[in-house]
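Structure file input_3.cif; described as mmCIF, C-alpha atoms and all ligand atoms.
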```cif
data_data
#
loop_
_atom_site.group_PDB
_atom_site.id
_atom_site.type_symbol
_atom_site.label_atom_id
_atom_site.label_comp_id
_atom_site.auth_asym_id
_atom_site.auth_seq_id
_atom_site.Cartn_x
_atom_site.Cartn_y
_atom_site.Cartn_z
ATOM 1 C CA MET W 22 134.232 85.161 112.268
ATOM 2 C CA SER W 23 136.085 88.310 111.276
ATOM 3 C CA LYS W 24 135.789 91.725 112.834
ATOM 4 C CA ARG W 25 137.716 94.951 112.524
ATOM 5 C CA PHE W 26 137.518 98.305 114.262
ATOM 6 C CA GLY W 27 138.775 100.849 111.760
ATOM 7 C CA SER W 28 142.129 99.565 110.561
ATOM 8 C CA THR W 29 142.531 97.149 113.499
ATOM 9 C CA GLU W 30 141.694 93.541 112.687
ATOM 10 C CA VAL W 31 140.416 92.225 116.002
ATOM 11 C CA LEU W 32 139.058 88.790 114.978
ATOM 12 C CA ARG W 33 140.929 87.238 112.068
ATOM 13 C CA GLY W 34 138.930 84.238 110.982
ATOM 14 C CA ILE W 35 137.834 82.470 114.154
ATOM 15 C CA ASP W 36 136.303 79.091 113.247
ATOM 16 C CA LEU W 37 135.031 76.838 116.012
ATOM 17 C CA ASP W 38 132.278 74.369 116.861
ATOM 18 C CA ILE W 39 131.194 74.160 120.470
ATOM 19 C CA ALA W 40 129.198 71.148 121.630
ATOM 20 C CA ASP W 41 125.902 71.467 123.465
ATOM 21 C CA GLY W 42 126.646 71.574 127.184
ATOM 22 C CA GLU W 43 130.357 72.133 126.747
ATOM 23 C CA PHE W 44 132.388 74.443 129.005
ATOM 24 C CA VAL W 45 134.798 76.242 126.684
ATOM 25 C CA VAL W 46 137.332 78.718 128.027
ATOM 26 C CA PHE W 47 139.013 81.294 125.798
ATOM 27 C CA VAL W 48 142.359 82.455 127.111
ATOM 28 C CA GLY W 49 144.718 85.003 125.708
ATOM 29 C CA PRO W 50 146.538 88.188 126.616
ATOM 30 C CA SER W 51 144.854 91.522 127.080
ATOM 31 C CA GLY W 52 143.769 93.005 123.742
ATOM 32 C CA CYS W 53 143.720 89.696 121.816
ATOM 33 C CA GLY W 54 139.989 90.010 121.079
ATOM 34 C CA LYS W 55 138.310 87.967 123.824
ATOM 35 C CA SER W 56 135.653 90.508 124.758
ATOM 36 C CA THR W 57 134.977 91.334 121.120
ATOM 37 C CA LEU W 58 134.452 87.647 120.413
ATOM 38 C CA LEU W 59 131.854 87.354 123.186
ATOM 39 C CA ARG W 60 130.167 90.589 122.202
ATOM 40 C CA THR W 61 129.749 89.414 118.618
ATOM 41 C CA ILE W 62 128.305 86.083 119.796
ATOM 42 C CA ALA W 63 125.892 88.009 122.030
ATOM 43 C CA GLY W 64 124.921 90.273 119.143
ATOM 44 C CA LEU W 65 126.278 93.440 120.757
ATOM 45 C CA GLU W 66 128.725 93.891 117.861
ATOM 46 C CA GLU W 67 128.214 93.031 114.217
ATOM 47 C CA LEU W 68 130.607 90.739 112.365
ATOM 48 C CA ASP W 69 132.288 91.933 109.174
ATOM 49 C CA ALA W 70 132.421 88.404 107.809
ATOM 50 C CA GLY W 71 131.333 84.979 108.957
ATOM 51 C CA GLU W 72 128.375 83.574 110.762
ATOM 52 C CA ILE W 73 127.251 82.562 114.225
ATOM 53 C CA ALA W 74 124.879 79.615 114.514
ATOM 54 C CA ILE W 75 123.237 78.257 117.628
ATOM 55 C CA ALA W 76 121.674 74.792 117.520
ATOM 56 C CA GLY W 77 122.297 74.792 113.777
ATOM 57 C CA ARG W 78 120.529 78.087 113.014
ATOM 58 C CA ALA W 79 122.249 81.294 112.003
ATOM 59 C CA VAL W 80 121.453 83.993 114.549
ATOM 60 C CA ASP W 81 123.211 86.890 112.853
ATOM 61 C CA ASP W 82 120.039 88.820 112.151
ATOM 62 C CA ARG W 83 118.581 88.224 115.606
ATOM 63 C CA SER W 84 118.799 90.880 118.298
ATOM 64 C CA PRO W 85 120.737 90.073 121.488
ATOM 65 C CA SER W 86 117.554 89.235 123.391
ATOM 66 C CA GLU W 87 116.397 86.829 120.680
ATOM 67 C CA ARG W 88 119.550 84.716 120.679
ATOM 68 C CA GLY W 89 118.921 82.628 123.797
ATOM 69 C CA ILE W 90 122.156 83.906 125.261
ATOM 70 C CA ALA W 91 122.934 85.524 128.613
ATOM 71 C CA MET W 92 126.159 87.411 129.209
ATOM 72 C CA VAL W 93 127.859 88.236 132.498
ATOM 73 C CA PHE W 94 130.357 91.058 132.347
ATOM 74 C CA GLN W 95 133.522 91.764 134.264
ATOM 75 C CA SER W 96 131.852 94.708 136.000
ATOM 76 C CA TYR W 97 128.620 93.312 137.339
ATOM 77 C CA ALA W 98 126.593 96.382 136.464
ATOM 78 C CA LEU W 99 123.883 95.735 139.045
ATOM 79 C CA TYR W 100 121.209 98.408 139.385
ATOM 80 C CA PRO W 101 122.146 100.193 142.630
ATOM 81 C CA HIS W 102 118.624 101.348 143.479
ATOM 82 C CA MET W 103 117.105 97.859 143.160
ATOM 83 C CA ASN W 104 117.456 95.056 145.674
ATOM 84 C CA VAL W 105 118.781 91.633 144.725
ATOM 85 C CA TYR W 106 115.353 90.234 143.895
ATOM 86 C CA GLU W 107 114.501 93.219 141.683
ATOM 87 C CA ASN W 108 117.882 93.065 139.960
ATOM 88 C CA MET W 109 117.238 89.464 139.000
ATOM 89 C CA ALA W 110 113.586 90.023 138.074
ATOM 90 C CA PHE W 111 114.136 93.141 135.973
ATOM 91 C CA GLY W 112 115.016 91.511 132.657
ATOM 92 C CA LEU W 113 112.132 89.070 132.981
ATOM 93 C CA LYS W 114 109.681 91.909 133.589
ATOM 94 C CA LEU W 115 110.922 93.620 130.442
ATOM 95 C CA ALA W 116 110.414 90.348 128.593
ATOM 96 C CA LYS W 117 106.813 90.374 129.909
ATOM 97 C CA HIS W 118 106.920 87.145 131.864
ATOM 98 C CA ASP W 119 104.090 86.847 134.356
ATOM 99 C CA LYS W 120 104.685 87.497 138.016
ATOM 100 C CA ALA W 121 104.432 83.899 139.220
ATOM 101 C CA GLU W 122 106.893 82.719 136.595
ATOM 102 C CA ILE W 123 109.326 85.518 137.486
ATOM 103 C CA ASP W 124 109.051 84.610 141.154
ATOM 104 C CA ARG W 125 109.654 80.927 140.435
ATOM 105 C CA ARG W 126 112.763 81.647 138.375
ATOM 106 C CA VAL W 127 114.268 84.217 140.758
ATOM 107 C CA ARG W 128 113.818 81.941 143.771
ATOM 108 C CA ALA W 129 115.227 78.927 141.950
ATOM 109 C CA ALA W 130 118.278 80.907 140.821
ATOM 110 C CA ALA W 131 118.771 82.356 144.310
ATOM 111 C CA GLU W 132 118.660 78.825 145.709
ATOM 112 C CA THR W 133 121.206 77.600 143.177
ATOM 113 C CA LEU W 134 123.563 80.462 144.016
ATOM 114 C CA ASN W 135 122.987 80.435 147.755
ATOM 115 C CA ILE W 136 121.794 84.041 147.932
ATOM 116 C CA THR W 137 118.259 83.460 149.197
ATOM 117 C CA ASP W 138 119.087 85.337 152.414
ATOM 118 C CA TYR W 139 120.112 88.475 150.505
ATOM 119 C CA LEU W 140 117.118 88.949 148.226
ATOM 120 C CA SER W 141 115.982 92.169 149.872
ATOM 121 C CA ARG W 142 119.444 93.751 150.114
ATOM 122 C CA LYS W 143 120.738 96.483 147.844
ATOM 123 C CA PRO W 144 123.986 95.801 145.945
ATOM 124 C CA LYS W 145 125.977 98.200 148.119
ATOM 125 C CA ALA W 146 125.248 95.992 151.149
ATOM 126 C CA LEU W 147 126.796 92.939 149.461
ATOM 127 C CA SER W 148 130.349 91.636 149.295
ATOM 128 C CA GLY W 149 132.148 91.283 145.960
ATOM 129 C CA GLY W 150 131.404 87.580 145.786
ATOM 130 C CA GLN W 151 127.728 88.101 146.566
ATOM 131 C CA ARG W 152 127.432 90.766 143.861
ATOM 132 C CA GLN W 153 129.055 88.407 141.436
ATOM 133 C CA ARG W 154 126.463 85.773 142.289
ATOM 134 C CA VAL W 155 123.634 88.228 141.726
ATOM 135 C CA ALA W 156 125.084 89.056 138.302
ATOM 136 C CA ILE W 157 125.167 85.334 137.502
ATOM 137 C CA GLY W 158 121.637 85.007 138.906
ATOM 138 C CA ARG W 159 120.439 87.646 136.489
ATOM 139 C CA ALA W 160 121.765 85.495 133.677
ATOM 140 C CA ILE W 161 120.403 82.214 135.046
ATOM 141 C CA VAL W 162 116.811 83.447 135.361
ATOM 142 C CA ARG W 163 116.716 83.979 131.616
ATOM 143 C CA GLU W 164 117.240 80.231 131.174
ATOM 144 C CA PRO W 165 119.572 80.779 128.221
ATOM 145 C CA GLN W 166 120.858 78.132 125.832
ATOM 146 C CA VAL W 167 124.335 79.599 126.173
ATOM 147 C CA PHE W 168 126.097 81.545 128.920
ATOM 148 C CA LEU W 169 128.851 84.002 128.070
ATOM 149 C CA PHE W 170 131.191 85.063 130.860
ATOM 150 C CA ASP W 171 133.701 87.854 130.341
ATOM 151 C CA GLU W 172 136.429 87.628 132.992
ATOM 152 C CA PRO W 173 133.783 87.285 135.697
ATOM 153 C CA LEU W 174 136.285 86.825 138.538
ATOM 154 C CA SER W 175 138.831 89.471 137.663
ATOM 155 C CA ASN W 176 137.478 92.025 140.142
ATOM 156 C CA LEU W 177 137.613 89.657 143.104
ATOM 157 C CA ASP W 178 140.505 89.109 145.491
ATOM 158 C CA ALA W 179 142.617 85.969 145.132
ATOM 159 C CA ALA W 180 140.954 83.887 147.865
ATOM 160 C CA LEU W 181 137.467 84.627 146.610
ATOM 161 C CA ARG W 182 138.520 83.885 143.035
ATOM 162 C CA VAL W 183 139.524 80.393 144.058
ATOM 163 C CA ARG W 184 136.197 79.800 145.795
ATOM 164 C CA MET W 185 134.158 81.208 142.915
ATOM 165 C CA ARG W 186 136.027 78.960 140.495
ATOM 166 C CA TYR W 187 134.528 75.960 142.272
ATOM 167 C CA GLU W 188 131.137 77.605 142.163
ATOM 168 C CA PHE W 189 131.334 77.977 138.399
ATOM 169 C CA ALA W 190 132.292 74.330 138.063
ATOM 170 C CA SER W 191 129.382 73.214 140.227
ATOM 171 C CA LEU W 192 126.990 75.591 138.463
ATOM 172 C CA HIS W 193 127.903 73.986 135.157
ATOM 173 C CA GLU W 194 127.488 70.532 136.633
ATOM 174 C CA ARG W 195 123.990 71.384 137.815
ATOM 175 C CA LEU W 196 122.689 73.377 134.839
ATOM 176 C CA LYS W 197 124.572 71.524 132.093
ATOM 177 C CA THR W 198 124.181 74.589 129.893
ATOM 178 C CA THR W 199 126.807 75.506 127.293
ATOM 179 C CA MET W 200 129.256 77.969 128.806
ATOM 180 C CA ILE W 201 131.712 80.176 126.972
ATOM 181 C CA TYR W 202 134.076 81.733 129.441
ATOM 182 C CA VAL W 203 136.810 84.260 128.830
ATOM 183 C CA THR W 204 139.782 84.839 131.087
ATOM 184 C CA HIS W 205 143.444 85.757 130.999
ATOM 185 C CA ASP W 206 144.022 83.486 134.016
ATOM 186 C CA GLN W 207 145.586 80.139 133.072
ATOM 187 C CA VAL W 208 144.628 78.447 136.327
ATOM 188 C CA GLU W 209 140.988 79.355 135.822
ATOM 189 C CA ALA W 210 141.154 77.945 132.314
ATOM 190 C CA MET W 211 142.880 74.731 133.386
ATOM 191 C CA THR W 212 140.405 74.007 136.181
ATOM 192 C CA LEU W 213 137.138 74.970 134.492
ATOM 193 C CA ALA W 214 137.430 74.016 130.844
ATOM 194 C CA ASP W 215 136.306 70.961 128.942
ATOM 195 C CA ARG W 216 138.303 72.594 126.165
ATOM 196 C CA ILE W 217 140.592 75.590 126.142
ATOM 197 C CA VAL W 218 140.916 77.888 123.136
ATOM 198 C CA VAL W 219 144.133 79.912 123.113
ATOM 199 C CA LEU W 220 143.687 83.217 121.308
ATOM 200 C CA ASN W 221 146.459 85.477 120.113
ATOM 201 C CA GLU W 222 145.927 88.657 118.112
ATOM 202 C CA GLY W 223 142.489 87.597 116.949
ATOM 203 C CA ARG W 224 143.486 84.108 115.852
ATOM 204 C CA ILE W 225 143.109 80.681 117.418
ATOM 205 C CA GLU W 226 146.562 79.344 118.255
ATOM 206 C CA GLN W 227 145.337 76.007 119.573
ATOM 207 C CA VAL W 228 142.202 74.259 120.836
ATOM 208 C CA GLY W 229 142.214 71.234 123.099
ATOM 209 C CA GLN W 230 141.538 69.687 126.451
ATOM 210 C CA PRO W 231 143.536 71.318 129.256
ATOM 211 C CA MET W 232 146.069 68.502 129.664
ATOM 212 C CA GLU W 233 146.485 68.195 125.925
ATOM 213 C CA LEU W 234 147.503 71.846 125.678
ATOM 214 C CA TYR W 235 149.653 71.606 128.755
ATOM 215 C CA GLU W 236 151.516 68.528 127.568
ATOM 216 C CA ARG W 237 151.569 69.152 123.835
ATOM 217 C CA PRO W 238 151.485 72.888 123.139
ATOM 218 C CA ARG W 239 151.695 73.529 119.422
ATOM 219 C CA ASN W 240 154.070 76.455 119.712
ATOM 220 C CA LEU W 241 155.978 78.659 122.098
ATOM 221 C CA PHE W 242 153.113 81.080 122.527
ATOM 222 C CA VAL W 243 150.787 78.336 123.808
ATOM 223 C CA ALA W 244 153.558 76.836 125.922
ATOM 224 C CA GLY W 245 154.301 80.218 127.452
ATOM 225 C CA PHE W 246 150.689 81.000 128.046
ATOM 226 C CA ILE W 247 149.422 77.710 129.446
ATOM 227 C CA GLY W 248 152.661 76.577 131.037
ATOM 228 C CA SER W 249 153.864 79.669 132.828
ATOM 229 C CA PRO W 250 152.780 80.253 136.415
ATOM 230 C CA LYS W 251 150.676 83.328 137.072
HETATM 231 P P1 LIG W 301 140.444 91.537 125.213
HETATM 232 O O1 LIG W 301 139.084 91.375 125.761
HETATM 233 O O2 LIG W 301 141.091 90.242 124.806
HETATM 234 O O3 LIG W 301 141.354 92.302 126.133
HETATM 235 P P2 LIG W 301 139.140 93.252 123.271
HETATM 236 O O4 LIG W 301 138.254 92.388 122.497
HETATM 237 O O5 LIG W 301 138.550 94.108 124.312
HETATM 238 O O6 LIG W 301 140.359 92.380 123.869
HETATM 239 O O7 LIG W 301 139.909 94.211 122.286
HETATM 240 C C1 LIG W 301 140.629 93.742 121.162
HETATM 241 C C2 LIG W 301 141.156 94.939 120.364
HETATM 242 O O8 LIG W 301 140.050 95.633 119.799
HETATM 243 C C3 LIG W 301 141.933 95.936 121.187
HETATM 244 O O9 LIG W 301 142.992 96.404 120.396
HETATM 245 C C4 LIG W 301 140.929 97.019 121.465
HETATM 246 O O10 LIG W 301 141.559 98.258 121.627
HETATM 247 C C5 LIG W 301 140.078 97.002 120.205
HETATM 248 N N1 LIG W 301 138.671 97.398 120.429
HETATM 249 C C6 LIG W 301 137.772 96.745 121.210
HETATM 250 N N2 LIG W 301 136.579 97.367 121.191
HETATM 251 C C7 LIG W 301 136.712 98.435 120.358
HETATM 252 C C8 LIG W 301 135.832 99.468 119.899
HETATM 253 N N3 LIG W 301 134.554 99.512 120.279
HETATM 254 N N4 LIG W 301 136.345 100.389 119.044
HETATM 255 C C9 LIG W 301 137.629 100.347 118.650
HETATM 256 N N5 LIG W 301 138.500 99.414 119.026
HETATM 257 C C10 LIG W 301 138.066 98.460 119.881
HETATM 258 MG MG MG W 302 138.250 91.876 127.594
#
```
Whole structure, structure tokens version:
Amino acid sequence: MSKRFGSTEVLRGIDLDIADGEFVVFVGPSGCGKSTLLRTIAGLEELDAGEIAIAGRAVDDRSPSERGIAMVFQSYALYPHMNVYENMAFGLKLAKHDKAEIDRRVRAAAETLNITDYLSRKPKALSGGQRQRVAIGRAIVREPQVFLFDEPLSNLDAALRVRMRYEFASLHERLKTTMIYVTHDQVEAMTLADRIVVLNEGRIEQVGQPMELYERPRNLFVAGFIGSPK
């Protein structure tokens, strides 16, 4: 995958296979192209060169909603005038699912995320962690083949970040859906990932299991990034 904005090369030949059900975490410093990578996978940005295939089929000419992907952003972007239930149901209504099916999915997702008690609350009456769960719930109800998470914990305080980390791990254990997760937090990457991909200036520096990268970093950049305390 290659992508430029004007004269800035943001993705410089990213080439990677991700296994079905894998939890892959992309780490790298601010500006290295993490969000752009996710946005191209989601179909929100077009590639200049390369191809994205899901389950063996190129999806490059499919719209975001046709890709079987759900993305959770750093800012949760909940609709303030809708309650939790409506926030989660909204996308399904647009996709013309029937009411019973919407209800089934919203309640199942709420159960999974432990937010059943908040379904009738508006976002402003929720804590940061609860809002984050609603944003994840909105993705879960779509029953995607792939989840994309763009620094989903970066707006939470340190204690909540630790707790939510466990929730992501247990969510993956339960759903077993492929997850592509972006962060600049090494600890998050080390604890969540089946494999970590270290990005630097739009290139992959190294890919491997967390301990592999920790013990055998290929170069100083990886060593500095994975090894240094945050
Ligand atoms: P990260 O998420 O790793 O911080 P981004 O993917 O957001 O990095 O950005 C990578 C580079 O691409 C940055 O230099 C950023 O300024 C640039 N960039 C991102 N989006 C756009 C855009 N829509 N137009 C122009 N430049 C952009
Ligand atoms: Mg980003």
- Item | Nearby residues, ligand LIG 301 (chain W), 10 Å, only C-alpha atoms and all ligand atoms, as an MDAnalysis selection string | chainID W and resid 24:32 47:61 66 171:172 203:205 220:223
- Item | Residues selected by the PyMOL selection byres (((chain W and resi 242) around 12) and not hetatm), written as a ChimeraX atom specification | /W:48-50,219-222,225-227,234-235,238-241,243-249
- Message: With 7 Å as the threshold, what does the neighbourhood of (139.4, 75.4, 126.1) contain in terms of residues, counting only C-alpha atoms? Coordinates are those of the file; answer as an MDAnalysis selection string.
- Response: chainID W and resid 45:47 210 214:218 228:231
- Give the answer as one residue: which of W:Gly149, W:Pro173, W:Pro165, W:Gly34 has the shortest atom-to-atom distance to ligand MG 302 (chain W), using all atoms listed in the file?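 Going through W:Gly149, W:Pro173, W:Pro165, W:Gly34 one by one, the smallest distance to ligand MG 302 (chain W) is for W:Pro173.
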- Message: Calculated over all atoms listed in the file, which of the candidates W:Leu115, W:Arg163, W:Tyr97, W:Met92 has the smallest distance to Val127 in chain W?
- Response: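 Result for the nearest residue to Val127 in chain W: W:Arg163.
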- CA of Arg88 in chain W to CA of Ala130 in chain W: how many Å, to one decimal?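 Between these atoms lies a distance of 20.5 Å.
The residue that comes closest to Pro85 in chain W, out of W:Glu164, W:Ala63, W:Asn104, W:Asp69 and on the basis of only C-alpha atoms, is W:Ala63.
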- Task: Determine, counting only C-alpha atoms, which protein, DNA and RNA residues have an atom within 9 Å of an atom of Ile39 in chain W; residues of the same chain fewer than 5 positions away are not included. Present the result as number ranges by chain.
- Result: W: 44-45, 199, 201
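Our summary of the geometry notes that CA of Ile157 in chain W is positioned 21.7 Å from CA of Ala40 in chain W.
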- Item | Nearest to ligand MG 302 (chain W), chosen from W:Asn108, W:Gln151, W:Ser175, W:Ser141, with all atoms listed in the file counted in the distances |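 For ligand MG 302 (chain W), the nearest of the given residues is W:Ser175.
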- Message: One decimal, in Å: what's the spacing between CA of Ala146 in chain W and CA of Leu169 in chain W?
- Response: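 Calculated distance between CA of Ala146 in chain W and CA of Leu169 in chain W is 26.3 Å.
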- Counting only C-alpha atoms, the residue among W:Gln207, W:Ser86, W:Thr133, W:Thr212 that lies closest to Ile161 in chain W is W:Thr133
- Message: So, with all atoms listed in the file as the atoms that count, which of W:Lys143, W:Lys197, W:Arg78, W:Arg186 lies closest to His102 in chain W?
- Response: W:Lys143
Which centre and edge lengths in Å to one decimal define the box along x, y and z that fits every listed atom of range 199-205 of chain W plus 4 Å per side, as AutoDock Vina command-line options?
```
--center_x 135.1 --center_y 80.6 --center_z 129.0 --size_x 24.6 --size_y 18.3 --size_z 12.1
```
For range 204-216 of chain W, where the input has fewer atoms than it should, I would like N, CA and C atoms rebuilt and written as an mmCIF file, keeping the file's coordinate frame.
```cif
data_model
loop_
_atom_site.group_PDB
_atom_site.id
_atom_site.type_symbol
_atom_site.label_atom_id
_atom_site.label_comp_id
_atom_site.auth_asym_id
_atom_site.auth_seq_id
_atom_site.Cartn_x
_atom_site.Cartn_y
_atom_site.Cartn_z
ATOM 1 N N THR W 204 138.916 84.438 129.976
ATOM 2 C CA THR W 204 139.782 84.839 131.087
ATOM 3 C C THR W 204 141.204 85.043 130.576
ATOM 4 N N HIS W 205 142.020 85.782 131.335
ATOM 5 C CA HIS W 205 143.444 85.757 130.999
ATOM 6 C C HIS W 205 144.194 84.959 132.065
ATOM 7 N N ASP W 206 143.439 84.246 132.907
ATOM 8 C CA ASP W 206 144.022 83.486 134.016
ATOM 9 C C ASP W 206 144.121 82.005 133.640
ATOM 10 N N GLN W 207 145.353 81.524 133.507
ATOM 11 C CA GLN W 207 145.586 80.139 133.072
ATOM 12 C C GLN W 207 145.001 79.123 134.038
ATOM 13 N N VAL W 208 145.110 79.412 135.341
ATOM 14 C CA VAL W 208 144.628 78.447 136.327
ATOM 15 C C VAL W 208 143.120 78.285 136.207
ATOM 16 N N GLU W 209 142.430 79.410 136.030
ATOM 17 C CA GLU W 209 140.988 79.355 135.822
ATOM 18 C C GLU W 209 140.667 78.487 134.603
ATOM 19 N N ALA W 210 141.403 78.706 133.542
ATOM 20 C CA ALA W 210 141.154 77.945 132.314
ATOM 21 C C ALA W 210 141.404 76.457 132.533
ATOM 22 N N MET W 211 142.519 76.133 133.173
ATOM 23 C CA MET W 211 142.880 74.731 133.386
ATOM 24 C C MET W 211 141.850 74.012 134.253
ATOM 25 N N THR W 212 141.313 74.702 135.257
ATOM 26 C CA THR W 212 140.405 74.007 136.181
ATOM 27 C C THR W 212 138.965 73.948 135.661
ATOM 28 N N LEU W 213 138.559 74.925 134.866
ATOM 29 C CA LEU W 213 137.138 74.970 134.492
ATOM 30 C C LEU W 213 136.817 74.293 133.156
ATOM 31 N N ALA W 214 137.773 74.294 132.234
ATOM 32 C CA ALA W 214 137.430 74.016 130.844
ATOM 33 C C ALA W 214 137.283 72.535 130.514
ATOM 34 N N ASP W 215 136.267 72.213 129.694
ATOM 35 C CA ASP W 215 136.306 70.961 128.942
ATOM 36 C C ASP W 215 137.346 71.112 127.836
ATOM 37 N N ARG W 216 137.282 72.264 127.164
ATOM 38 C CA ARG W 216 138.303 72.594 126.165
ATOM 39 C C ARG W 216 138.746 74.033 126.345
#
```
